[in-house]
Amino acid sequence: MTAVPPRACTDLHHCPPICRRRAVAHARPPPPPRDETFAQSGLSRELFEKWCSDKRNGILMPGYTVSGTLGHEVMSEPTAITTQAGDVIPVNLSIEYISFSAHSDFRQTSEFIEELNPTHVVLVHGAEEEMRRLRRGLHQKFGEGKLEVLCPKNCQAVEMAFHAQSVANVIGTLAEVRPGASGGTITGLLLRQNFSYRLVADEELAQHTTLNTVSIVQRPSLPFHGDPDALRQELSQLFDVQDGGLGNDGLQRFDVAGAVVISVDVRQCKAQLEWQSTAANDLVGDAVASLLLRVEARAMANGGMSGLGQVQTPQITSGVVVKQEDASLASARASDSARAALAAGSLKRVREASEE
């Protein structure tokens with residue numbers, strides 16, 4: 001006994017192929033399987049126009065058809081069609097439809113969504129009205145608030161919002177801090193490694209990573225020919241200023257907002273600022289330097305500086321280059337710097353309010 005293997009589904013015994021276009025004139029039904037732009041043109045269109053008037057013939061439409069094509073028109077079972085030559089011919093053949101394509105239907109799409117449980121679904125490659133119907137059906141089944149279904153047009157951008165919650169492990173001395181019943185704030189460095197987060201104190205960074213913390217101290221020196229008391233009065237309008245008095249080295253010192261220390265050397269006509277560099281301290285330091293330039297410009301305008309109008313050799317002290325310019329340029333710079341000082345003062349008051 002010889003086993004007969006089952007015939008493949010693509011082995012259509014009663015559908016002979018047409019290899020040459022001249023064979024169309026002698027071709028007889030049943031039609032060969034063919035798919036050319038939904039029977040809109042080509043060999044499928046020619047065969048349909050040749051056979052559609054005979055009621056003994058039939059057409060089987062597998063799968064999806066695009067609106068505006070002959071295949072889509074045939075699905076509505078018309079009584080007549082217009083040929084490519086412009087003639088109107090009757091349609092008497094039987095028309096059947098089966099779902100046989102690479103496109104998923106509502107049942108398959110909804111089952112796929114149930115398995116993945118996504119929050120966003122984008123429908124592509126389909127007739128516009130059919131995609132809208134599918135979207136309405138999915139919204140009715142899964143809930144419009146739980147599932148967002150989008151039907152973008154060609155080349156239309158799609159934006160989707162994803163909300164995720166990240167959890168960080170607090171380690172080191174920060175783990176010993178227990179927030180109160182009403183909660184609290186823990187400040188530290190957030191480290192990310194292999195999609196995990198850790199929160200550590202600044203001073204413990206080297207213990208948990210290969211990184212080291214670096215502290216930067218800024219010490220710019222600026223020319224100053226004005227009155228130290230006038231400078232202190234200007235600073236007091238924006239910051240809390242503590243007068244450190246005159247030291248044994250002959251320098252007049254001021255502590256500005258606990259962030260910047262000013263040392264005024266009246267003999268050498270210069271003032272040195274010093275602060276530990278942080279985001280807030282740098283802003284206070286810039287504001288103090290701006291006010292100092294304004295006081296210096298006023299002293300220059302009153303003739304407190306000899307050789308006015310001449311550009312002297314730049315002073316380079318602690319890596320900061322300072323140029324002594326004429327009174328008009330210094331006054332213009334001081335005006336812009338004064339606005340920066342006002343902004344710094346506002347920032348200071350916000351910081352104090354947050355600390356309280």
# chains A, B, ... in the order shown; residues from 1 in each chain; ligands from 1

$ residues_around --residues "segment 192-199 of chain A" --least-positions-apart "3" --cutoff "8 Å" --atoms "only C-alpha atoms" --output "tab-separated table (two decimals) with C-alpha atoms, in the first residue's frame"
chain	number	residue	atom	x	y	z
A	166	SER	CA	10.76	54.71	39.73
A	167	VAL	CA	11.83	53.29	43.09
A	168	ALA	CA	15.20	54.15	44.61
A	169	ASN	CA	16.91	52.29	47.45
A	170	VAL	CA	18.22	54.64	50.17
A	171	ILE	CA	21.59	53.40	51.46
A	174	LEU	CA	20.55	58.44	54.58
A	188	GLY	CA	21.21	63.11	48.30
A	189	LEU	CA	22.72	61.90	45.05

$ closest_residue --among "A:Asp265, A:Glu114, A:Lys270, A:Gln233" --to "Leu291 of chain A" --atoms "only C-alpha atoms"
A:Gln233

$ atom_distance --atom1 "atom CA of Gln276 of chain A" --atom2 "atom CA of Val177 of chain A"
26.5 Å

$ select_by_dssp --residues "segment 184-271 of chain A" --states "alpha helix (DSSP H)" --output "PyMOL selection string"
chain A and resi 205-208+228-236

$ closest_residue --among "A:Asn92, A:Asn248, A:Ser236, A:Gln165" --to "Gly58 of chain A" --atoms "only C-alpha atoms"
A:Asn92

$ residues_around --residues "Arg219 of chain A" --least-positions-apart "4" --cutoff "7 Å" --atoms "only C-alpha atoms" --output "PyMOL selection string"
chain A and resi 272-275+318

$ write_last_selection --atoms "N, CA, C and O atoms" --output "tab-separated table (two decimals), in the first residue's frame"
chain	number	residue	atom	x	y	z
A	272	GLN	N	38.84	91.04	46.91
A	272	GLN	CA	38.83	89.60	46.57
A	272	GLN	C	37.57	88.96	47.12
A	272	GLN	O	37.21	89.13	48.28
A	273	LEU	N	36.87	88.23	46.24
A	273	LEU	CA	35.70	87.46	46.63
A	273	LEU	C	36.10	86.00	46.80
A	273	LEU	O	36.94	85.48	46.07
A	274	GLU	N	35.45	85.35	47.74
A	274	GLU	CA	35.75	83.93	47.99
A	274	GLU	C	34.47	83.21	48.39
A	274	GLU	O	33.74	83.66	49.27
A	275	TRP	N	34.18	82.12	47.68
A	275	TRP	CA	33.03	81.28	48.05
A	275	TRP	C	33.23	79.87	47.53
A	275	TRP	O	33.98	79.65	46.56
A	318	SER	N	44.26	84.35	40.53
A	318	SER	CA	43.50	83.11	40.80
A	318	SER	C	42.72	82.66	39.57
A	318	SER	O	41.60	82.20	39.66

$ residues_around --residues "Gln84 of chain A" --least-positions-apart "2" --cutoff "10 Å" --atoms "only C-alpha atoms" --output "list in words"
Gln40, Ser41, Arg45, Glu46, Glu49, Ile81, Thr82, Gly86, Asp87 and Val88 of chain A

$ write_last_selection --atoms "N, CA and C atoms" --output "compact mmCIF listing (two decimals), in the first residue's frame"
# COMPACT_ATOMS: atom_id res chain seq x y z
N GLN A 40 -8.39 45.87 -10.09
CA GLN A 40 -8.58 47.21 -10.66
C GLN A 40 -8.03 47.29 -12.07
N SER A 41 -7.00 46.53 -12.37
CA SER A 41 -6.39 46.57 -13.71
C SER A 41 -5.67 45.25 -13.95
N ARG A 45 -8.67 42.09 -14.25
CA ARG A 45 -9.73 42.95 -14.75
C ARG A 45 -10.23 42.45 -16.10
N GLU A 46 -9.32 42.04 -16.96
CA GLU A 46 -9.70 41.55 -18.28
C GLU A 46 -10.56 40.29 -18.17
N GLU A 49 -14.14 41.17 -16.83
CA GLU A 49 -15.01 41.76 -17.86
C GLU A 49 -15.44 40.71 -18.89
N ILE A 81 -21.35 47.05 -14.52
CA ILE A 81 -20.10 47.79 -14.28
C ILE A 81 -19.69 48.47 -15.58
N THR A 82 -18.79 49.42 -15.45
CA THR A 82 -18.23 50.10 -16.62
C THR A 82 -16.86 49.52 -16.90
N GLY A 86 -14.99 51.84 -21.37
CA GLY A 86 -16.10 52.77 -21.22
C GLY A 86 -17.46 52.18 -21.47
N ASP A 87 -17.56 50.90 -21.82
CA ASP A 87 -18.84 50.25 -22.07
C ASP A 87 -19.46 49.77 -20.75
N VAL A 88 -20.76 49.72 -20.69
CA VAL A 88 -21.49 49.23 -19.52
C VAL A 88 -21.94 47.81 -19.82

$ residues_around --residues "Leu235 of chain A" --least-positions-apart "3" --cutoff "12 Å" --atoms "only C-alpha atoms" --output "PyMOL selection string"
chain A and resi 228-232+238-243+254-257+260-262+284-285+287-295+338+341-342+344-345

$ select_by_dssp --residues "segment 53-232 of chain A" --states "strand (DSSP E)" --output "PyMOL selection string"
chain A and resi 58-62+80-82+88-90+94-98+120-122+148-150+168-170+189-193+196-200+217-218+221-223
